[in-house]
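**Q** One file: model.tsv (TSV, C-alpha atoms).
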chain	number	residue	atom	x	y	z
A	585	MET	CA	0.00	0.00	0.00
A	586	ILE	CA	1.27	3.45	-0.97
A	587	VAL	CA	-0.34	6.26	1.04
A	588	VAL	CA	-0.62	9.73	-0.50
A	589	ALA	CA	-1.07	12.52	2.06
A	590	GLY	CA	-2.14	16.03	1.07
A	591	GLU	CA	-4.81	18.23	-0.39
A	592	ALA	CA	-7.63	17.55	-2.81
A	593	LEU	CA	-9.07	20.60	-4.54
A	594	ILE	CA	-10.89	21.80	-7.63
A	595	ASP	CA	-8.83	23.18	-10.51
A	596	LEU	CA	-10.62	25.72	-12.67
A	597	VAL	CA	-8.90	24.83	-15.93
A	598	PRO	CA	-8.88	27.29	-18.86
A	599	HIS	CA	-9.84	26.19	-22.35
A	600	GLY	CA	-7.18	28.17	-24.16
A	601	PRO	CA	-4.47	30.68	-23.25
A	602	GLY	CA	-4.97	33.96	-21.44
A	603	ALA	CA	-6.59	35.20	-18.23
A	604	LEU	CA	-10.13	35.38	-19.67
A	605	ALA	CA	-10.33	31.91	-21.23
A	606	ASP	CA	-13.40	29.85	-20.35
A	607	LEU	CA	-12.88	27.84	-17.16
A	608	LYS	CA	-14.00	24.27	-16.49
A	609	PRO	CA	-13.92	22.63	-13.03
A	610	ALA	CA	-11.57	19.66	-12.79
A	611	LEU	CA	-10.53	17.38	-9.96
A	612	GLY	CA	-7.05	18.27	-8.75
A	613	GLY	CA	-4.43	19.04	-6.17
A	614	GLY	CA	-0.88	17.67	-6.39
A	615	PRO	CA	-1.34	14.81	-3.89
A	616	TYR	CA	-4.80	14.03	-5.27
A	617	ASN	CA	-3.40	13.74	-8.81
A	618	THR	CA	-0.59	11.52	-7.53
A	619	ALA	CA	-3.07	9.19	-5.82
A	620	VAL	CA	-5.25	8.95	-8.94
A	621	ALA	CA	-2.20	8.27	-11.12
A	622	LEU	CA	-1.02	5.51	-8.77
A	623	GLY	CA	-4.46	3.94	-8.81
A	624	ARG	CA	-4.60	4.04	-12.61
A	625	LEU	CA	-1.19	2.38	-12.78
A	626	GLY	CA	-2.46	-0.42	-10.57
A	627	SER	CA	-0.64	0.28	-7.32
A	628	PRO	CA	-2.64	-0.37	-4.13
A	629	THR	CA	-3.11	3.20	-2.92
A	630	ALA	CA	-4.81	5.03	-0.03
A	631	PHE	CA	-5.51	8.76	0.27
A	632	CYS	CA	-4.92	10.59	3.55
A	633	SER	CA	-6.54	14.00	3.59
A	634	ARG	CA	-9.54	16.07	4.67
A	635	THR	CA	-12.25	16.99	2.17
A	636	SER	CA	-15.45	19.01	2.23
A	637	ASP	CA	-18.95	17.61	2.56
A	638	ASP	CA	-19.95	19.82	-0.39
A	639	ALA	CA	-20.61	18.65	-3.94
A	640	PHE	CA	-17.00	19.24	-4.97
A	641	GLY	CA	-15.81	17.11	-2.05
A	642	GLU	CA	-18.12	14.30	-3.10
A	643	ALA	CA	-16.83	14.53	-6.66
A	644	LEU	CA	-13.24	14.36	-5.47
A	645	LEU	CA	-13.88	11.19	-3.48
A	646	ALA	CA	-15.76	9.66	-6.41
A	647	GLY	CA	-12.76	10.31	-8.66
A	648	LEU	CA	-10.47	8.52	-6.23
A	649	ARG	CA	-12.82	5.56	-5.98
A	650	ARG	CA	-12.97	5.28	-9.78
A	651	ALA	CA	-9.18	5.01	-9.78
A	652	GLY	CA	-9.31	2.24	-7.18
A	653	VAL	CA	-7.94	4.39	-4.35
A	654	ASP	CA	-8.90	3.59	-0.74
A	655	VAL	CA	-10.63	6.65	0.76
A	656	SER	CA	-11.69	5.09	4.07
A	657	GLY	CA	-9.20	7.26	5.98
A	658	VAL	CA	-10.23	10.60	4.44
A	659	GLN	CA	-11.49	13.09	7.03
A	660	ARG	CA	-14.57	15.20	6.19
A	661	GLY	CA	-15.81	18.65	7.20
A	662	PRO	CA	-18.50	21.24	6.41
A	663	GLU	CA	-16.06	23.89	5.15
A	664	PRO	CA	-15.88	24.57	1.39
A	665	THR	CA	-13.46	22.94	-1.04
A	666	THR	CA	-10.28	24.79	-2.00
A	667	LEU	CA	-10.27	26.27	-5.52
A	668	ALA	CA	-7.21	26.70	-7.75
A	669	VAL	CA	-7.65	28.92	-10.80
A	670	ALA	CA	-5.20	28.04	-13.55
A	671	THR	CA	-3.99	30.16	-16.45
A	672	VAL	CA	-2.10	28.54	-19.32
A	673	ASP	CA	0.41	30.31	-21.54
A	674	ALA	CA	0.98	29.68	-25.24
A	675	ALA	CA	3.46	26.87	-24.46
A	676	GLY	CA	0.96	25.06	-22.22
A	677	SER	CA	2.64	25.94	-18.91
A	678	ALA	CA	0.19	26.54	-16.08
A	679	ALA	CA	0.21	29.14	-13.28
A	680	TYR	CA	-2.24	29.16	-10.38
A	681	SER	CA	-4.19	31.46	-8.06
A	682	PHE	CA	-5.66	29.84	-4.93
A	683	TYR	CA	-8.80	30.40	-2.88
A	684	VAL	CA	-7.97	28.72	0.43
A	685	ASP	CA	-9.35	30.76	3.34
A	686	GLY	CA	-11.56	28.67	5.60
A	687	THR	CA	-11.44	25.58	3.40
A	688	ALA	CA	-11.79	21.98	4.54
A	689	ASP	CA	-8.42	20.52	3.56
A	690	ARG	CA	-6.31	22.86	5.69
A	691	LEU	CA	-7.99	21.58	8.88
A	692	PHE	CA	-6.46	18.10	8.48
A	693	THR	CA	-5.43	16.44	11.76
A	694	VAL	CA	-2.92	13.63	12.32
A	695	PRO	CA	-4.65	10.23	12.00
A	696	ASP	CA	-4.34	7.66	14.76
A	697	ALA	CA	-2.63	5.27	12.35
A	698	LEU	CA	-1.82	4.79	8.67
A	699	PRO	CA	-3.62	2.06	6.70
A	700	ALA	CA	-2.52	-1.50	7.36
A	701	GLY	CA	0.18	-2.60	4.96
A	702	ALA	CA	1.47	0.92	4.27
A	703	ARG	CA	4.98	0.76	2.79
A	704	ALA	CA	5.41	4.33	1.55
A	705	VAL	CA	3.91	7.76	2.21
A	706	SER	CA	4.02	10.64	-0.29
A	707	PHE	CA	3.76	14.32	0.73
A	708	GLY	CA	3.77	17.70	-0.99
A	709	THR	CA	2.30	20.90	-2.41
A	710	CYS	CA	-0.15	23.22	-0.61
A	711	SER	CA	-0.75	20.83	2.27
A	712	LEU	CA	2.73	21.57	3.66
A	713	VAL	CA	2.14	25.34	3.52
A	714	LEU	CA	-1.36	26.04	4.85
A	715	GLU	CA	-1.75	25.90	8.62
A	716	PRO	CA	-2.89	24.31	10.80
A	717	GLY	CA	-2.87	21.31	8.48
A	718	ALA	CA	0.75	21.85	7.42
A	719	SER	CA	2.01	21.08	10.91
A	720	ALA	CA	-0.15	17.95	11.05
A	721	TYR	CA	1.23	16.66	7.73
A	722	GLU	CA	4.74	17.48	8.92
A	723	GLU	CA	4.16	15.45	12.08
A	724	LEU	CA	2.84	12.56	10.00
A	725	MET	CA	5.96	12.70	7.81
A	726	ARG	CA	8.27	12.49	10.81
A	727	THR	CA	6.21	9.68	12.34
A	728	ALA	CA	6.21	7.66	9.11
A	729	ALA	CA	9.97	8.07	8.74
A	730	GLY	CA	10.46	7.07	12.37
A	731	GLN	CA	8.49	3.89	11.70
A	732	GLY	CA	10.88	3.03	8.86
A	733	LEU	CA	8.43	3.74	6.04
A	734	PHE	CA	9.61	5.04	2.66
A	735	THR	CA	8.80	8.75	2.47
A	736	ALA	CA	8.56	10.77	-0.74
A	737	LEU	CA	8.40	14.56	-0.94
A	738	ASP	CA	7.51	16.84	-3.84
A	739	PRO	CA	7.45	20.43	-2.49
A	740	ASN	CA	5.77	21.60	-5.74
A	741	VAL	CA	6.30	25.21	-4.66
A	742	ARG	CA	3.36	27.60	-5.02
A	743	ALA	CA	5.13	30.84	-4.14
A	744	GLY	CA	1.91	32.86	-4.02
A	745	LEU	CA	0.76	30.82	-1.02
A	746	ILE	CA	3.99	31.25	0.96
A	747	PRO	CA	3.96	34.41	3.10
A	748	ASP	CA	7.58	34.08	4.30
A	749	ALA	CA	9.86	32.52	1.68
A	750	ASP	CA	12.91	32.32	3.94
A	751	ALA	CA	10.94	30.63	6.72
A	752	TYR	CA	9.57	28.09	4.24
A	753	ARG	CA	13.07	27.34	2.91
A	754	GLU	CA	14.26	26.64	6.45
A	755	ARG	CA	11.25	24.44	7.10
A	756	PHE	CA	11.98	22.53	3.89
A	757	LYS	CA	15.51	21.82	5.12
A	758	GLY	CA	14.00	20.51	8.35
A	759	TRP	CA	11.95	17.93	6.43
A	760	LEU	CA	14.91	16.41	4.61
A	761	PRO	CA	16.13	14.09	7.41
A	762	SER	CA	12.68	12.43	7.22
A	763	VAL	CA	12.65	12.05	3.40
A	764	THR	CA	13.78	8.99	1.44
A	765	LEU	CA	13.09	10.30	-2.08
A	766	LEU	CA	12.97	14.01	-2.94
A	767	LYS	CA	11.46	14.92	-6.29
A	768	LEU	CA	11.20	18.51	-7.48
A	769	SER	CA	11.21	20.58	-10.64
A	770	ALA	CA	14.18	22.63	-11.80
A	771	GLU	CA	12.09	25.75	-11.09
A	772	ASP	CA	11.43	24.57	-7.52
A	773	ALA	CA	15.12	23.84	-7.06
A	774	ALA	CA	16.06	27.35	-8.18
A	775	TRP	CA	13.44	28.93	-5.89
A	776	LEU	CA	14.55	26.88	-2.89
A	777	GLY	CA	18.14	27.91	-3.48
A	778	GLY	CA	19.94	24.66	-2.74
A	779	THR	CA	21.57	21.89	-4.76
A	780	PRO	CA	20.84	18.17	-5.02
A	781	ARG	CA	24.14	17.35	-3.33
A	782	GLU	CA	23.32	19.60	-0.38
A	783	TRP	CA	19.90	18.01	-0.02
A	784	LEU	CA	21.34	14.48	-0.24
A	785	ALA	CA	23.72	15.29	2.59
A	786	ALA	CA	20.73	16.23	4.74
A	787	GLY	CA	18.91	12.91	4.45
A	788	PRO	CA	17.32	11.69	1.18
A	789	ALA	CA	18.75	8.62	-0.54
A	790	ALA	CA	17.99	10.12	-3.98
A	791	VAL	CA	16.90	13.43	-5.52
A	792	VAL	CA	15.03	13.51	-8.84
A	793	VAL	CA	14.93	16.84	-10.70
A	794	THR	CA	12.45	17.29	-13.56
A	795	ARG	CA	13.27	19.65	-16.43
A	796	GLY	CA	10.01	19.73	-18.34
A	797	GLY	CA	10.43	18.62	-21.92
A	798	ASP	CA	14.18	18.28	-21.38
A	799	GLY	CA	13.74	15.21	-19.19
A	800	LEU	CA	14.66	14.01	-15.70
A	801	THR	CA	17.87	13.59	-13.71
A	802	VAL	CA	18.43	11.61	-10.52
A	803	PHE	CA	21.25	12.32	-8.08
A	804	THR	CA	22.23	9.61	-5.60
A	805	ARG	CA	24.23	9.55	-2.38
A	806	ASP	CA	27.10	7.59	-3.92
A	807	GLY	CA	27.78	10.46	-6.32
A	808	GLY	CA	25.74	8.98	-9.16
A	809	GLU	CA	23.93	11.15	-11.69
A	810	HIS	CA	21.64	9.58	-14.30
A	811	SER	CA	19.53	11.44	-16.87
A	812	VAL	CA	16.93	10.65	-19.52
A	813	PRO	CA	15.45	12.99	-22.15
A	814	GLY	CA	11.82	14.00	-22.19
A	815	GLU	CA	9.41	12.25	-24.56
A	816	LYS	CA	8.31	14.42	-27.46
A	817	VAL	CA	4.58	15.14	-27.47
A	818	ASP	CA	2.17	17.84	-28.61
A	819	VAL	CA	1.60	19.62	-25.30
A	820	VAL	CA	-1.97	20.63	-24.45
A	821	ASP	CA	-0.99	21.72	-20.94
A	822	THR	CA	1.37	20.63	-18.17
A	823	ILE	CA	-1.25	20.30	-15.42
A	824	GLY	CA	-0.53	17.16	-13.38
A	825	ALA	CA	2.72	16.27	-15.18
A	826	GLY	CA	4.88	16.47	-12.06
A	827	ASP	CA	2.29	14.57	-10.04
A	828	THR	CA	2.34	11.84	-12.69
A	829	VAL	CA	6.13	11.64	-12.34
A	830	ASN	CA	5.70	11.16	-8.58
A	831	ALA	CA	3.27	8.31	-9.13
A	832	ALA	CA	5.35	6.65	-11.84
A	833	LEU	CA	8.46	6.73	-9.65
A	834	LEU	CA	6.64	5.24	-6.67
A	835	HIS	CA	4.85	2.65	-8.79
A	836	GLY	CA	8.08	1.63	-10.49
A	837	LEU	CA	9.95	1.35	-7.21
A	838	ALA	CA	7.17	-0.76	-5.72
A	839	ALA	CA	7.26	-3.03	-8.80
A	840	ARG	CA	10.97	-3.55	-8.16
A	841	ASP	CA	10.42	-4.03	-4.41
A	842	ALA	CA	12.71	-1.02	-3.99
A	843	LEU	CA	10.83	1.11	-1.47
A	844	SER	CA	13.76	1.71	0.86
A	845	GLY	CA	16.86	3.86	0.95
A	846	GLU	CA	19.07	0.80	0.62
A	847	ALA	CA	17.18	-0.38	-2.46
A	848	LEU	CA	17.49	3.04	-4.08
A	849	ALA	CA	21.24	2.86	-3.61
A	850	ALA	CA	21.32	-0.51	-5.36
A	851	LEU	CA	19.36	0.49	-8.49
A	852	GLY	CA	22.41	1.50	-10.51
A	853	THR	CA	22.49	3.13	-13.93
A	854	GLU	CA	20.26	0.60	-15.71
A	855	GLY	CA	17.63	0.55	-12.98
A	856	TRP	CA	17.40	4.33	-12.69
A	857	THR	CA	17.39	4.81	-16.46
A	858	ARG	CA	14.45	2.45	-16.93
A	859	LEU	CA	12.56	4.03	-14.05
A	860	LEU	CA	13.13	7.60	-15.27
A	861	ARG	CA	12.12	6.68	-18.83
A	862	PHE	CA	8.91	5.17	-17.51
A	863	ALA	CA	8.19	8.38	-15.56
A	864	ALA	CA	8.99	10.57	-18.59
A	865	ARG	CA	6.66	8.53	-20.78
A	866	ALA	CA	3.84	8.75	-18.23
A	867	ALA	CA	4.26	12.53	-17.86
A	868	ALA	CA	4.25	13.01	-21.64
A	869	ILE	CA	0.86	11.30	-21.91
A	870	THR	CA	-0.52	13.58	-19.19
A	871	CYS	CA	0.77	16.65	-21.06
A	872	SER	CA	-0.92	15.49	-24.25
A	873	ARG	CA	-4.41	16.04	-22.83
A	874	ALA	CA	-6.20	18.82	-20.99
A	875	GLY	CA	-6.08	18.96	-17.21
A	876	ALA	CA	-4.63	16.36	-14.87
A	877	GLU	CA	-5.45	13.13	-16.74
A	878	PRO	CA	-2.67	10.66	-15.92
A	879	PRO	CA	-2.34	7.47	-17.94
A	880	TYR	CA	-3.43	3.94	-17.18
A	881	ALA	CA	-0.89	1.10	-17.13
A	882	ALA	CA	-2.21	-0.22	-20.45
A	883	GLU	CA	-1.32	3.08	-22.15
A	884	LEU	CA	2.31	2.77	-21.11
A	885	GLY	CA	3.03	-0.80	-22.13
A	886	GLU	CA	4.62	-1.24	-18.74
A	887	PRO	CA	6.87	-4.31	-18.47
A	888	ALA	CA	6.40	-6.43	-15.37
A	889	GLY	CA	8.78	-5.27	-12.65
A	890	LEU	CA	10.01	-2.50	-14.98
Let me see the structure of the file written as structure tokens.
**A**
Amino acid sequence: MIVVAGEALIDLVPHGPGALADLKPALGGGPYNTAVALGRLGSPTAFCSRTSDDAFGEALLAGLRRAGVDVSGVQRGPEPTTLAVATVDAAGSAAYSFYVDGTADRLFTVPDALPAGARAVSFGTCSLVLEPGASAYEELMRTAAGQGLFTALDPNVRAGLIPDADAYRERFKGWLPSVTLLKLSAEDAAWLGGTPREWLAAGPAAVVVTRGGDGLTVFTRDGGEHSVPGEKVDVVDTIGAGDTVNAALLHGLAARDALSGEALAALGTEGWTRLLRFAARAAAITCSRAGAEPPYAAELGEPAGL
């Protein structure tokens, strides 16, 4: 079981470039997209979050169930669902404005226990910014790491939500001793102001940096550095691409029975190259269609055990 912890929200996705393009509601949120992508790939997955009792909240849970994700541990509340308004530029890159005051997901509290059989827990995005929920997710991360579970982190920085950038950067450094796999975009890396080697020294066994259409690179504690190019595709938009990478990495590692720091160290050039290519292919499919629509395993021609 892979547990994904974090927010579920509604993306208002534009149909075309520009601030005044028509908007269509879509199920979203970085952790939510990761959970759906894992379910579509066939990984046993559970979602750990707090959602609204409103119609959007019901739709979000229905989307998870359709993907085969266990939602029995999702907390509920009467507050409204968070909204993220996207704008897309001519190249398909998305930017977001958030409506988060008084919403249900930020009132998440630490669960008594994770689902039985949990082997890995994935964290990231708005859920680690918006209090009081951010502190609860942070506590869950430390607890999971202390229990020896594989922990994955994608900060997926949304600078407009971060009131004190320097304080957030320090908090990010404080998470690293509890992280097994750090995945982030080149833009996030530049904003955070560190380097993969610095982050590896603080705790993670591997750091994966995504570079959009230019591909992915992994840095490992033994000094290794392995890269693959991006897959060429006609980009509709990039919504959910990074979340799809998260899911593909976790799914691929689970298929290899490699959900541990020691197993990451043993992957080697061939293992990492195959895993990164799988993630790049999955992300390309997501970019080829509007909104966060990650692929199913059948669309990837996934070999058994990667």
**Q** Name the closest residue to Asp689 (chain A) among the candidates A:Arg650, A:Arg703, A:Arg634, A:Arg742; distances are taken between atoms, counting all atoms listed in the file.
**A** A:Arg634
**Q** Can you measure CA of Arg861 (chain A) to CA of Leu622 (chain A) for me? One decimal in Å is fine.
**A**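 Separation of CA of Arg861 (chain A) and CA of Leu622 (chain A): 16.6 Å.
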**Q** Between CA of Ser627 (chain A) and CA of Pro615 (chain A), what is the distance in Å, rounded to a tenth?
**A**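 Computed distance, CA of Ser627 (chain A) to CA of Pro615 (chain A), equals 14.9 Å.
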**Q** Pick the closest to Ala688 (chain A) from A:Pro662, A:Pro761, A:Gly796, A:Pro716: which is it, counting all atoms listed in the file?
**A**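 Using all atoms listed in the file, the shortest distance to Ala688 (chain A) belongs to A:Pro662.
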**Q** Name the closest residue to Arg755 (chain A) among the candidates A:Leu733, A:Ala743, A:Leu648, A:Leu712; distances are taken between atoms, counting all atoms listed in the file.
**A** A:Leu712
**Q** What is the CA of Ala751 (chain A) to CA of Gly661 (chain A) distance in Å?
**A** 29.3 Å
**Q** Please check which residues have atoms at most 7 Å from (2.5, 8.7, -9.9) in the file's coordinates, counting all atoms listed in the file, and write them as a PyMOL selection string.
**A** chain A and resi 618-619+621-622+827-835
**Q** Which residues come within 12 Å of region 798-815 of chain A, counting only C-alpha atoms, excluding same-chain residues fewer than 4 positions away, as a count of residues only?
**A** 57
**Q** Which residues come within 9 Å of Ala702 (chain A), counting only C-alpha atoms, excluding same-chain residues fewer than 5 positions away, as JSON, numbers by chain?
**A** {"A": [585, 586, 587, 629, 630, 733]}
**Q** Could you pull the residues within 8 Å of Val597 (chain A), counting all atoms listed in the file, minus those fewer than 3 positions along the same chain, as JSON, numbers by chain?
**A** {"A": [607, 608, 609, 610, 669, 670, 671, 875]}
**Q** Residues as selected, C-alpha atoms, written as an mmCIF file, in the frame of the given file, can you do that?
**A**
data_model
loop_
_atom_site.group_PDB
_atom_site.id
_atom_site.type_symbol
_atom_site.label_atom_id
_atom_site.label_comp_id
_atom_site.auth_asym_id
_atom_site.auth_seq_id
_atom_site.Cartn_x
_atom_site.Cartn_y
_atom_site.Cartn_z
ATOM 1 C CA LEU A 607 -12.880 27.840 -17.160
ATOM 2 C CA LYS A 608 -14.000 24.270 -16.490
ATOM 3 C CA PRO A 609 -13.920 22.630 -13.030
ATOM 4 C CA ALA A 610 -11.570 19.660 -12.790
ATOM 5 C CA VAL A 669 -7.650 28.920 -10.800
ATOM 6 C CA ALA A 670 -5.200 28.040 -13.550
ATOM 7 C CA THR A 671 -3.990 30.160 -16.450
ATOM 8 C CA GLY A 875 -6.080 18.960 -17.210
#
**Q** Can you sort out the box for region 683-697 of chain A, edges along x, y and z, all listed atoms in, 8 Å on every side, with centre and edge lengths in Å to one decimal, as JSON?
**A**
{"center_x": -7.2, "center_y": 18.0, "center_z": 5.9, "size_x": 25.2, "size_y": 41.5, "size_z": 33.6}
**Q** Calculated over all atoms listed in the file, which of the candidates A:Ala700, A:Val588, A:Ala839, A:Ala720 has the smallest distance to Asn617 (chain A)?
**A**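 Counting all atoms listed in the file, the residue closest to Asn617 (chain A) is A:Val588.
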**Q** Looking at only C-alpha atoms, which of A:Glu722, A:Glu591, A:Glu771, A:Asp818 is the one that sits closest to Gly614 (chain A)?
**A**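 Smallest distance to Gly614 (chain A) is found for A:Glu591.
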**Q** May I have the residues within 6 Å of Ser633 (chain A) as number ranges by chain, using only C-alpha atoms and disregarding those fewer than 4 positions away in the same chain?
**A** A: 589-590, 658
**Q** List the neighbours of Val713 (chain A) out to 8 Å using all atoms listed in the file; skip same-chain residues closer than 3 positions along the sequence, and give me the result as a ChimeraX atom specification.
**A** /A:709-710,718,745-746,752
**Q** Find the residue from A:Ala651, A:Ala749, A:Val705, A:Leu596 that sits nearest to Tyr680 (chain A); use all atoms listed in the file when measuring.
**A** A:Leu596
